[in-house]
Every structure is written in C-alpha cells, then in structure tokens.
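With mmCIF, C-alpha atoms inside, this is target_24.cif:
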```cif
data_coords
#
loop_
_atom_site.label_atom_id
_atom_site.label_comp_id
_atom_site.auth_asym_id
_atom_site.auth_seq_id
_atom_site.Cartn_x
_atom_site.Cartn_y
_atom_site.Cartn_z
CA MET A 10 0.00 0.00 0.00
CA PRO A 11 1.49 3.38 -0.91
CA ARG A 12 2.25 5.53 2.09
CA ALA A 13 1.58 9.25 2.43
CA LEU A 14 3.09 11.47 5.10
CA VAL A 15 0.70 14.30 5.93
CA LEU A 16 2.40 17.19 7.73
CA PHE A 17 -0.14 19.39 9.47
CA ALA A 18 0.75 22.68 11.14
CA HIS A 19 -2.20 24.48 12.71
CA PRO A 20 -2.77 24.47 16.49
CA CYS A 21 -6.57 24.92 16.52
CA PRO A 22 -8.83 21.90 15.98
CA GLU A 23 -11.79 24.09 14.95
CA SER A 24 -9.81 25.99 12.30
CA PHE A 25 -10.42 25.82 8.57
CA SER A 26 -6.91 24.38 8.26
CA ALA A 27 -8.01 21.51 10.51
CA ALA A 28 -10.99 20.91 8.20
CA LEU A 29 -8.62 20.80 5.23
CA HIS A 30 -6.38 18.42 7.14
CA SER A 31 -9.28 16.02 7.88
CA THR A 32 -10.40 16.15 4.27
CA VAL A 33 -6.89 15.30 3.06
CA VAL A 34 -6.41 12.42 5.50
CA GLU A 35 -9.87 10.91 5.01
CA THR A 36 -9.83 11.20 1.22
CA LEU A 37 -6.39 9.64 0.92
CA ARG A 38 -7.39 6.76 3.23
CA ARG A 39 -10.56 6.12 1.24
CA LYS A 40 -8.48 5.94 -1.92
CA GLY A 41 -6.28 3.25 -0.42
CA TRP A 42 -3.33 5.23 0.90
CA GLU A 43 -1.72 4.31 4.16
CA VAL A 44 -1.61 7.72 5.82
CA ASP A 45 0.97 8.72 8.39
CA ASP A 46 -0.84 11.67 9.93
CA CYS A 47 1.74 13.96 11.52
CA ASP A 48 0.06 16.79 13.44
CA LEU A 49 3.14 18.76 14.48
CA ASN A 50 1.40 20.77 17.20
CA ALA A 51 -0.42 17.77 18.68
CA GLU A 52 2.83 15.77 18.68
CA GLY A 53 4.59 18.63 20.46
CA PHE A 54 7.27 18.85 17.78
CA SER A 55 10.05 21.22 18.82
CA PRO A 56 10.95 23.41 15.83
CA VAL A 57 14.12 24.83 17.35
CA LEU A 58 17.45 23.72 15.91
CA THR A 59 19.61 23.75 19.04
CA GLU A 60 23.27 24.56 19.43
CA ALA A 61 24.08 20.82 19.65
CA ASP A 62 21.97 20.14 16.53
CA ARG A 63 23.77 22.92 14.67
CA ARG A 64 27.23 21.67 15.65
CA ALA A 65 26.40 18.10 14.56
CA TYR A 66 24.46 19.20 11.45
CA HIS A 67 26.92 17.82 8.91
CA ASP A 68 27.91 14.67 10.84
CA GLU A 69 26.14 11.89 8.98
CA PRO A 70 24.56 9.70 10.24
CA ASP A 71 24.76 10.93 13.86
CA ASN A 72 22.95 14.16 12.94
CA ILE A 73 19.65 12.29 12.68
CA SER A 74 19.60 10.89 16.24
CA PRO A 75 17.63 13.80 17.84
CA VAL A 76 14.88 13.37 15.21
CA GLN A 77 15.28 9.67 14.35
CA GLY A 78 11.55 8.92 14.45
CA TYR A 79 10.68 11.78 12.10
CA VAL A 80 13.48 10.81 9.71
CA GLU A 81 12.12 7.26 9.53
CA ARG A 82 8.62 8.51 8.82
CA LEU A 83 9.95 10.75 6.07
CA ARG A 84 11.99 7.93 4.56
CA ALA A 85 8.97 5.60 4.56
CA ALA A 86 6.85 8.04 2.54
CA ASP A 87 5.92 7.63 -1.12
CA ALA A 88 4.03 10.92 -1.02
CA MET A 89 4.01 14.00 1.14
CA VAL A 90 1.16 16.44 1.70
CA MET A 91 1.80 19.62 3.66
CA VAL A 92 -1.28 21.26 5.19
CA PHE A 93 -0.63 24.67 6.72
CA PRO A 94 -1.79 28.28 6.91
CA VAL A 95 0.50 30.93 5.45
CA TRP A 96 1.59 33.30 8.20
CA ASN A 97 3.78 36.33 7.49
CA PHE A 98 4.50 35.16 3.96
CA GLY A 99 5.92 31.83 5.10
CA TYR A 100 5.37 28.52 6.81
CA PRO A 101 4.23 28.55 10.43
CA ALA A 102 7.41 28.29 12.55
CA ILE A 103 6.62 24.73 13.61
CA LEU A 104 6.64 23.57 9.99
CA LYS A 105 9.71 25.63 9.13
CA GLY A 106 11.40 23.91 12.07
CA PHE A 107 10.55 20.52 10.59
CA LEU A 108 12.63 21.48 7.56
CA ASP A 109 15.40 22.93 9.72
CA ARG A 110 15.66 19.86 11.95
CA VAL A 111 14.54 16.85 9.88
CA PHE A 112 15.52 17.79 6.30
CA LEU A 113 19.15 17.09 7.17
CA PRO A 114 22.22 16.35 5.08
CA GLY A 115 22.03 12.60 4.39
CA VAL A 116 18.25 12.69 4.77
CA SER A 117 16.71 15.11 2.32
CA PHE A 118 19.84 16.01 0.41
CA LYS A 119 23.43 14.97 -0.09
CA LEU A 120 26.18 17.48 -0.40
CA VAL A 121 28.37 16.28 -3.24
CA GLU A 122 31.33 18.57 -3.91
CA GLY A 123 29.42 21.42 -2.33
CA LYS A 124 26.35 20.87 -4.49
CA VAL A 125 22.94 19.83 -3.20
CA LYS A 126 21.80 16.47 -4.60
CA PRO A 127 18.16 15.44 -4.01
CA ASN A 128 17.80 12.57 -1.55
CA LEU A 129 14.03 12.29 -1.06
CA THR A 130 13.41 10.90 -4.52
CA HIS A 131 11.24 8.11 -3.04
CA ILE A 132 8.61 10.85 -2.56
CA ARG A 133 6.93 10.63 -5.95
CA LYS A 134 4.01 12.90 -5.18
CA LEU A 135 4.12 16.19 -3.38
CA ALA A 136 1.26 18.49 -2.46
CA ALA A 137 0.66 21.55 -0.34
CA VAL A 138 -2.79 22.62 0.87
CA THR A 139 -2.69 26.12 2.24
CA THR A 140 -4.58 29.30 3.01
CA TYR A 141 -3.47 32.93 2.82
CA GLY A 142 -5.10 35.68 4.86
CA GLY A 143 -4.35 38.28 2.19
CA THR A 144 -5.23 38.45 -1.47
CA ARG A 145 -3.38 36.67 -4.24
CA MET A 146 -2.16 40.04 -5.54
CA ARG A 147 -0.66 40.80 -2.15
CA ALA A 148 1.18 37.45 -2.13
CA PHE A 149 2.26 37.96 -5.76
CA MET A 150 3.69 41.39 -4.94
CA ALA A 151 5.83 39.78 -2.24
CA GLY A 152 7.01 37.09 -4.66
CA ASP A 153 4.78 34.49 -2.94
CA PRO A 154 7.59 33.02 -0.79
CA PRO A 155 5.62 30.05 0.62
CA ARG A 156 4.68 28.88 -2.87
CA LYS A 157 8.34 28.96 -3.84
CA CYS A 158 9.36 27.17 -0.64
CA VAL A 159 7.21 24.21 -1.65
CA THR A 160 7.29 24.20 -5.44
CA ARG A 161 11.00 24.92 -5.69
CA ALA A 162 12.90 24.18 -2.45
CA VAL A 163 11.02 21.04 -1.34
CA TRP A 164 10.41 20.04 -4.95
CA HIS A 165 14.15 20.27 -5.59
CA VAL A 166 14.99 17.53 -3.06
CA CYS A 167 12.09 15.22 -4.04
CA ARG A 168 11.86 15.70 -7.83
CA PRO A 169 8.33 14.25 -7.73
CA ASP A 170 6.36 13.01 -10.73
CA LYS A 171 3.35 14.96 -9.54
CA MET A 172 3.08 18.18 -7.61
CA ARG A 173 0.05 20.20 -6.54
CA TYR A 174 0.02 23.55 -4.77
CA LEU A 175 -3.54 24.18 -3.65
CA ALA A 176 -4.06 27.60 -2.15
CA LEU A 177 -7.03 29.60 -0.98
CA TYR A 178 -6.15 33.29 -0.95
CA ASP A 179 -7.97 36.11 0.82
CA MET A 180 -9.12 33.93 3.72
CA ASN A 181 -9.78 37.03 5.83
CA ARG A 182 -12.79 37.78 3.67
CA ALA A 183 -13.74 34.28 2.49
CA ASP A 184 -17.37 33.30 2.97
CA ASP A 185 -18.79 29.83 3.59
CA ALA A 186 -19.33 29.19 -0.09
CA LYS A 187 -15.76 30.02 -0.98
CA ARG A 188 -14.42 27.83 1.82
CA ALA A 189 -16.70 24.94 0.88
CA GLY A 190 -15.61 25.28 -2.75
CA PHE A 191 -11.97 25.04 -1.75
CA LEU A 192 -12.63 22.02 0.49
CA SER A 193 -14.28 20.19 -2.37
CA ARG A 194 -11.45 21.12 -4.72
CA VAL A 195 -8.96 19.69 -2.20
CA ALA A 196 -11.04 16.50 -1.89
CA ASP A 197 -11.09 16.13 -5.69
CA GLU A 198 -7.34 16.65 -5.96
CA MET A 199 -6.67 14.13 -3.21
CA LYS A 200 -8.98 11.57 -4.88
CA ALA A 201 -6.91 11.89 -8.04
CA PHE A 202 -3.61 12.00 -6.16
CA MET B 1 17.04 57.10 15.31
CA ARG B 2 16.25 53.98 17.33
CA ALA B 3 17.22 50.54 16.04
CA LEU B 4 15.95 47.12 17.05
CA VAL B 5 18.42 44.38 16.12
CA VAL B 6 16.81 40.94 16.02
CA TYR B 7 19.49 38.27 16.11
CA CYS B 8 18.94 34.53 15.73
CA HIS B 9 21.70 31.91 15.77
CA PRO B 10 22.18 28.98 18.15
CA VAL B 11 26.00 28.98 18.31
CA ALA B 12 27.81 31.67 20.28
CA GLY B 13 30.96 31.95 18.15
CA SER B 14 29.25 31.74 14.76
CA PHE B 15 29.94 34.00 11.82
CA ASN B 16 26.48 35.47 12.29
CA ALA B 17 27.59 36.56 15.77
CA ALA B 18 30.46 38.43 14.11
CA VAL B 19 28.01 40.10 11.72
CA ARG B 20 25.82 41.06 14.66
CA ASP B 21 28.82 42.59 16.42
CA VAL B 22 29.76 44.62 13.36
CA VAL B 23 26.19 45.89 13.20
CA THR B 24 25.90 46.79 16.87
CA GLU B 25 29.37 48.40 16.91
CA GLY B 26 28.44 50.42 13.84
CA LEU B 27 25.25 51.60 15.50
CA HIS B 28 27.09 52.42 18.72
CA GLN B 29 29.80 54.40 16.92
CA ALA B 30 27.21 56.35 14.99
CA GLY B 31 25.53 57.23 18.27
CA VAL B 32 22.36 55.35 17.37
CA GLU B 33 20.31 54.12 20.27
CA PHE B 34 19.64 50.41 19.81
CA ARG B 35 18.15 47.37 21.49
CA LEU B 36 19.34 43.83 20.83
CA CYS B 37 16.80 41.04 20.76
CA ASP B 38 18.86 37.84 20.95
CA LEU B 39 16.34 35.04 20.51
CA TYR B 40 18.27 31.85 21.38
CA PRO B 41 19.49 32.82 24.88
CA ARG B 42 15.93 33.88 25.66
CA GLY B 43 14.75 30.40 24.71
CA PHE B 44 12.15 32.09 22.55
CA GLN B 45 9.30 29.68 21.88
CA PRO B 46 8.47 30.02 18.17
CA ALA B 47 5.25 28.02 17.80
CA LEU B 48 2.09 30.11 17.93
CA THR B 49 -0.11 28.22 20.40
CA GLU B 50 -3.80 27.49 20.24
CA ALA B 51 -4.45 29.97 23.07
CA GLU B 52 -2.51 32.74 21.34
CA LEU B 53 -4.16 32.12 18.03
CA THR B 54 -7.61 32.08 19.58
CA GLY B 55 -6.91 35.51 21.09
CA TYR B 56 -5.07 36.79 18.02
CA LEU B 57 -7.59 39.48 17.16
CA ASP B 58 -8.35 40.62 20.71
CA GLU B 59 -6.62 43.94 21.27
CA PRO B 60 -4.72 44.75 23.34
CA GLN B 61 -4.67 41.38 25.17
CA ASN B 62 -3.04 39.79 22.13
CA ARG B 63 0.17 41.68 23.01
CA ALA B 64 0.48 40.15 26.48
CA PRO B 65 2.44 36.96 25.63
CA VAL B 66 5.06 39.03 23.72
CA GLN B 67 4.78 42.33 25.58
CA GLN B 68 8.47 43.27 25.51
CA ASP B 69 8.83 42.45 21.82
CA VAL B 70 5.81 44.56 20.95
CA GLU B 71 7.19 47.45 23.00
CA ASP B 72 10.53 47.17 21.20
CA LEU B 73 8.76 47.12 17.86
CA LEU B 74 6.73 50.22 18.72
CA TRP B 75 9.83 51.96 20.12
CA CYS B 76 12.12 51.51 17.11
CA ASP B 77 12.16 53.28 13.76
CA THR B 78 14.79 50.96 12.29
CA LEU B 79 14.50 47.19 12.21
CA ILE B 80 17.58 45.04 11.54
CA PHE B 81 17.70 41.24 11.24
CA VAL B 82 20.84 39.12 11.51
CA TYR B 83 20.36 35.37 10.97
CA PRO B 84 21.48 32.35 8.95
CA THR B 85 19.31 31.32 5.98
CA TRP B 86 18.19 27.71 6.42
CA TRP B 87 16.18 25.99 3.72
CA TYR B 88 16.12 29.27 1.81
CA GLY B 89 14.20 30.86 4.66
CA LEU B 90 14.32 32.18 8.19
CA PRO B 91 15.26 29.84 11.04
CA ALA B 92 12.08 28.54 12.69
CA MET B 93 12.80 30.60 15.80
CA LEU B 94 12.93 33.85 13.83
CA LYS B 95 9.92 32.88 11.74
CA GLY B 96 8.12 32.23 15.01
CA TRP B 97 9.11 35.67 16.26
CA LEU B 98 7.24 37.12 13.30
CA ASP B 99 4.29 34.77 13.82
CA ARG B 100 3.92 35.65 17.49
CA VAL B 101 4.92 39.32 17.62
CA MET B 102 3.32 40.65 14.43
CA VAL B 103 -0.13 40.72 15.98
CA GLN B 104 -3.22 42.43 14.68
CA GLY B 105 -3.49 46.02 15.87
CA VAL B 106 0.29 46.40 16.11
CA ALA B 107 1.79 45.10 12.90
CA PHE B 108 -1.23 45.31 10.66
CA LEU B 109 -4.92 46.13 10.58
CA MET B 110 -7.43 43.62 9.31
CA PRO B 111 -9.65 44.36 6.30
CA ASP B 112 -12.95 46.05 7.14
CA GLY B 113 -15.90 47.51 5.30
CA ALA B 114 -13.81 50.30 3.79
CA ASN B 115 -10.60 48.35 3.20
CA LYS B 116 -10.36 45.24 1.08
CA ASP B 117 -6.94 44.07 2.22
CA ILE B 118 -4.68 44.11 5.25
CA ARG B 119 -3.26 47.57 6.06
CA ARG B 120 0.18 48.52 7.37
CA GLY B 121 0.60 48.89 11.09
CA LEU B 122 4.31 49.64 11.47
CA THR B 123 4.43 52.88 9.51
CA HIS B 124 6.85 54.40 12.06
CA ILE B 125 9.55 51.96 10.88
CA THR B 126 11.36 53.68 8.03
CA ARG B 127 14.45 51.48 7.69
CA LEU B 128 14.75 47.71 7.25
CA GLY B 129 18.13 45.97 7.27
CA VAL B 130 18.65 42.27 6.57
CA PHE B 131 22.04 40.61 7.04
CA THR B 132 22.21 36.88 6.45
CA THR B 133 24.34 33.93 5.40
CA CYS B 134 23.37 31.26 2.87
CA GLY B 135 24.79 27.78 2.39
CA ALA B 136 23.56 27.88 -1.20
CA SER B 137 25.09 29.90 -4.01
CA TRP B 138 23.57 33.17 -5.19
CA ILE B 139 22.31 31.56 -8.38
CA LEU B 140 20.66 28.59 -6.63
CA THR B 141 19.06 30.99 -4.15
CA GLN B 142 17.62 33.01 -7.07
CA LEU B 143 16.38 29.83 -8.77
CA MET B 144 14.54 28.96 -5.56
CA GLY B 145 12.97 32.42 -5.62
CA ALA B 146 14.89 33.67 -2.56
CA PRO B 147 11.88 33.07 -0.28
CA GLY B 148 13.71 34.09 2.91
CA LYS B 149 14.78 37.43 1.53
CA ARG B 150 11.31 38.08 0.13
CA THR B 151 9.55 37.16 3.37
CA LEU B 152 11.32 40.16 4.93
CA THR B 153 12.17 42.65 2.18
CA ARG B 154 8.80 42.36 0.46
CA GLY B 155 6.41 40.60 2.86
CA LEU B 156 7.32 42.26 6.13
CA ARG B 157 8.24 45.49 4.34
CA SER B 158 4.66 45.73 3.10
CA ILE B 159 3.51 46.53 6.65
CA LEU B 160 6.31 49.04 7.37
CA ALA B 161 6.48 52.68 6.20
CA ALA B 162 5.59 53.05 2.52
CA ARG B 163 9.04 54.11 1.30
CA CYS B 164 11.01 52.20 3.89
CA ARG B 165 14.73 52.30 3.15
CA THR B 166 15.82 48.68 2.72
CA VAL B 167 19.17 46.96 2.65
CA PHE B 168 19.85 43.25 2.12
CA MET B 169 23.25 41.57 2.33
CA ALA B 170 24.20 37.90 2.28
CA HIS B 171 27.38 35.87 2.36
CA TYR B 172 26.61 32.99 -0.03
CA LEU B 173 28.29 29.56 -0.15
CA MET B 174 29.02 29.68 3.58
CA ASP B 175 30.14 26.05 3.69
CA SER B 176 33.07 26.84 1.43
CA SER B 177 33.77 30.28 2.92
CA THR B 178 37.35 31.25 3.80
CA PRO B 179 38.75 33.59 6.44
CA ALA B 180 39.35 36.06 3.60
CA SER B 181 35.79 35.85 2.24
CA ARG B 182 34.37 36.21 5.73
CA SER B 183 36.44 39.23 6.69
CA ALA B 184 35.71 40.86 3.32
CA HIS B 185 32.02 40.32 4.00
CA LEU B 186 32.28 41.90 7.45
CA GLU B 187 33.90 44.93 5.84
CA ARG B 188 31.05 45.16 3.34
CA VAL B 189 28.54 44.92 6.17
CA ARG B 190 30.34 47.74 7.99
CA ALA B 191 30.30 49.98 4.92
CA LYS B 192 26.72 49.15 3.97
CA LEU B 193 25.47 49.76 7.49
CA ALA B 194 27.19 53.16 7.62
CA ARG B 195 25.35 54.24 4.46
CA PHE B 196 22.13 52.67 5.66
CA ILE B 197 22.02 54.64 8.89
CA GLY B 198 23.76 57.72 7.47
#
```
Show the structure stored in the file as structure tokens.
Amino acid sequence: MPRALVLFAHPCPESFSAALHSTVVETLRRKGWEVDDCDLNAEGFSPVLTEADRRAYHDEPDNISPVQGYVERLRAADAMVMVFPVWNFGYPAILKGFLDRVFLPGVSFKLVEGKVKPNLTHIRKLAAVTTYGGTRMRAFMAGDPPRKCVTRAVWHVCRPDKMRYLALYDMNRADDAKRAGFLSRVADEMKAF
Amino acid sequence: MRALVVYCHPVAGSFNAAVRDVVTEGLHQAGVEFRLCDLYPRGFQPALTEAELTGYLDEPQNRAPVQQDVEDLLWCDTLIFVYPTWWYGLPAMLKGWLDRVMVQGVAFLMPDGANKDIRRGLTHITRLGVFTTCGASWILTQLMGAPGKRTLTRGLRSILAARCRTVFMAHYLMDSSTPASRSAHLERVRAKLARFIG
C-alpha cells in the first residue's frame, strides 16, 4: 500500500486548516493510501534547531539521532502532503522547524562537492494545501515566498512526478461558499492523487 | 534614530555573531540608540499556540504573551535582522518571532468595510536591514525564488512605512567560505550599514 506522510501545522482543531487536514487524510485513506498523519502541534514537535543540533548538522549519520523517528517517517513516505496556513509570507514556525531539523544532510539532500543532490526521490508525489489571509495580488507582490518554498525548495529535493500547490487566498474575507468550494477542490485533488 | 536588532543563531561563536557585532558596533559608533533582541538565549518559543491564536484578534490582550517584543517594535524606527538562511528561509525561531509578535493592531490592521486588504501597522519603521548567510550559491538561491529574503524585504516590508529604506546583504556559499571571504564580507557589512544609517 502506498504511504503518504501528511504534515499538518495548525494548532486549533476548529480551524479551517483543521478541516482541510481532515479532508486530506480521510480522502487519501478512502483511496487506499496508508496515511501517516503527523500533526506537528499535537505531537509537540520542537521546531528549534539547538546549538548541539547545529554543531552536529553535517555529521552523517549521527545528525539524525535527535529526530530519528521523524526521519524514519519521512523515509517511509511515497508521497508527502503539507497542510498549513501561510503566516507572514511563510510557513508557520513549527513547519519551518521541521525542515530545519529533519531535512538534514544525508536525509533530504546529499552534499556532493558542495552541491545539493536530491535525496528524497522516493517521494513521488508532493502536495501543499494552504490558506493565505491576504489576497493573491498581495502574495504575488511579495514574490509568494511560501509557494516557492514548496514548489521549488522542497520540490528540488524530491523531484516528484506529480506536484500540486492548492491555495485559498484572501481567507480574511472568504465566505462559507468560498471555503466549501476550496474544500471540495482539495477533496477532488486528493482523490486523483 | 532607534534601532531594534533581532538576532537569531544557536551557536555563540558563529559568523552570524560576528556580523551582529559589526552591526551593533556600527550603530554604537554612529551614536544610534539600539536594542538587541537575541532570541536563542531567551529560549524564545516560536510556535504560535492554540491559546494565542484564539486571542489573536483581541486587542490589546493579544500583546500580552510578547509584551516586551511589541514594546521594542513600537519603540524603534529601524529594524535590523541578523540570521542564517536555512532551507532558503528564516530559522524557525525567527519565523516564530514574526508569527507571534506581528499581531493584529500592532503590525497590521485587518480588512474592514472600507478596506479590502490588510493595512500597514508599522508605519513608524522607516528602515529595514537584513544581514544573512546562505549555504547555497547566489544563483541557486535566485532559482529557488529567494523566499527568505522576500519574506522580509517584500512581505514584512509591506507593513512598514511606505518608502522604507531597505538593505539586504548575504554571504553565499558559507560552507566553502574562507577567512578572507568572511572578513571581506564583514567589511562590506560595515560599509553598507554606515550608508544605511547615514
């Protein structure tokens, strides 16, 4: 059974992000995926790269020991779906910390003669499901950093066959119809994932 | 002029610490009043919690968990960041500082009947300085869309004063840096800062 790692980064269970998260997990399970549902806040993930982590950062394979469990979950994944709200034109800190601490040399990339070589190529499908408070124009004017973080930086180390970046902009003013429309779009995309 | 220097690196003797020292010395020599916000020794907790998010829109109670940071932000007219770029972006701790401190009513104003989008809240901040280091090369960083730089120099800048003077400097390819490249970079930081605050 193909395995999907779902990374979820919103602390409130009643949030729209949580609804998106449930839709993703349930739809994937119904379609026969084995879902590893990683709710970073609920799991109490610490996003802070410590001094010891930083000093051992390039020491493969010892660098993985503080986050061994997360590294194994990442390595077991055939697909990865990131569900998060955009805050301040970026990932929530807890999700950024997952990259800082778990996407290590020897895990997500190899440094070969100073060049980054992708090392998560077992992840064949990559998706992000996200919401922006501001309008799409506002994000565009800032260069839409979170979109680039996923579709370029994470893409670069996975080189997936399929990638989807599903975003609802202007959440601050979204009504029920707009939210429901986005939920059903996410469900459709996950069915076809 | 009043500068808030936000510094984020876990290792005391790092190159970023040297950059920070060049910045604070430069400010001191120019007679600029400054405050240093050093996130790691504070053990700053970067994850916005459920309680904080639930009270995110309640002014002014939403300032309470980060009272000192909000005061510093309201006090300064110049905001300077010194940090390493990790995964083309801000370290989680610094990203979390933005997430937790940039609260509604301080950093920005929510849309209302008359305004379709978020409005600027930090219009008293007229200078933004960003000094960072990148493991990646300049060209790879550009190919990735330089999300870290843009989060600050475009994203954050959009809630500062309209014609905020902005400076960005990075030492690229840090992993293959040399004593010569590092000291040359510190000199460039010194010169750039002098023009920036001049």
To verify the selection step, state as a ChimeraX atom specification which residues the PyMOL selection byres ((chain A) within 6 of (chain B)) yields on this input. /A:20-21,59-60,98,102-103,105-106,151,154,161-162
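Every protein or nucleic acid residue with an atom no more than 12 Å from A:Arg82, counting all atoms listed in the file and leaving out same-chain residues fewer than 3 positions away, appears here: A:Arg12, A:Ala13, A:Leu14, A:Val15, A:Leu16, A:Val44, A:Asp45, A:Asp46, A:Cys47, A:Val76, A:Gln77, A:Gly78, A:Tyr79, A:Ala85, A:Ala86, A:Asp87, A:Ala88, A:Met89, A:Val111, A:Phe112, A:Val116, A:Leu129, A:Ile132.
Here the PyMOL selection byres ((chain A and resi 177) around 8) catches exactly these residues: A:Thr139, A:Thr140, A:Tyr141, A:Leu175, A:Ala176, A:Tyr178, A:Asp179, A:Met180, A:Phe191.
Distance-wise, atom CA of A:Ala136 and atom CA of B:Ile139 end up 25.5 Å apart.
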Skip B:Arg35 itself and residues of its chain fewer than 4 positions away, then list as a PyMOL selection string all residues within 10 Å of it, counting all atoms listed in the file. chain B and resi 2-6+24+72+75-76+79
Nearest to B:Leu109 among B:Thr78, B:Ala194, B:Val23, B:Leu57, with distances taken over all atoms listed in the file: which residue is it? B:Leu57
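Here the PyMOL selection byres ((chain A and resi 113) around 9) captures the residues A:Tyr66, A:His67, A:Glu69, A:Asn72, A:Ile73, A:Val80, A:Leu108, A:Asp109, A:Arg110, A:Val111, A:Phe112, A:Pro114, A:Gly115, A:Val116, A:Ser117, A:Phe118, A:Lys119.
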Would you please work out which residue, of B:Val103, B:Glu33, B:Gly113, B:Phe81, is nearest to B:Ala64 when using all atoms listed in the file? B:Val103
B:Thr133, B:Met174, B:Val101, B:Val19 ranked by distance to B:Lys192, top pick (using all atoms listed in the file): B:Val19
Can you measure atom CA of A:Gly41 to atom CA of A:Met10 for me? One decimal in Å is fine. 7.1 Å
Might you pull out every residue within 12 Å of A:Lys40, with only C-alpha atoms counted and same-chain residues fewer than 5 positions away left off, and present them as a PyMOL selection string? chain A and resi 10-13+33-35+196-202
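For the pair atom CA of A:Ser24 and atom CA of A:Asp184, the interatomic distance is 14.1 Å.
Candidate residues B:Leu160, B:Val22, B:Ala17, B:Leu128 were compared for distance to B:Arg190, and the nearest is B:Val22, using only C-alpha atoms.
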Test item: which residues lie within 7 Å of (1.5, 26.3, 7.4) counting only C-alpha atoms, as number ranges by chain: A: 18-19, 92-95, 100-101, 104, 139
Here is a test: counting all atoms listed in the file, which residue of B:Trp138, B:Phe168, B:Phe196, B:Phe131 is nearest to B:Ala18? B:Phe131
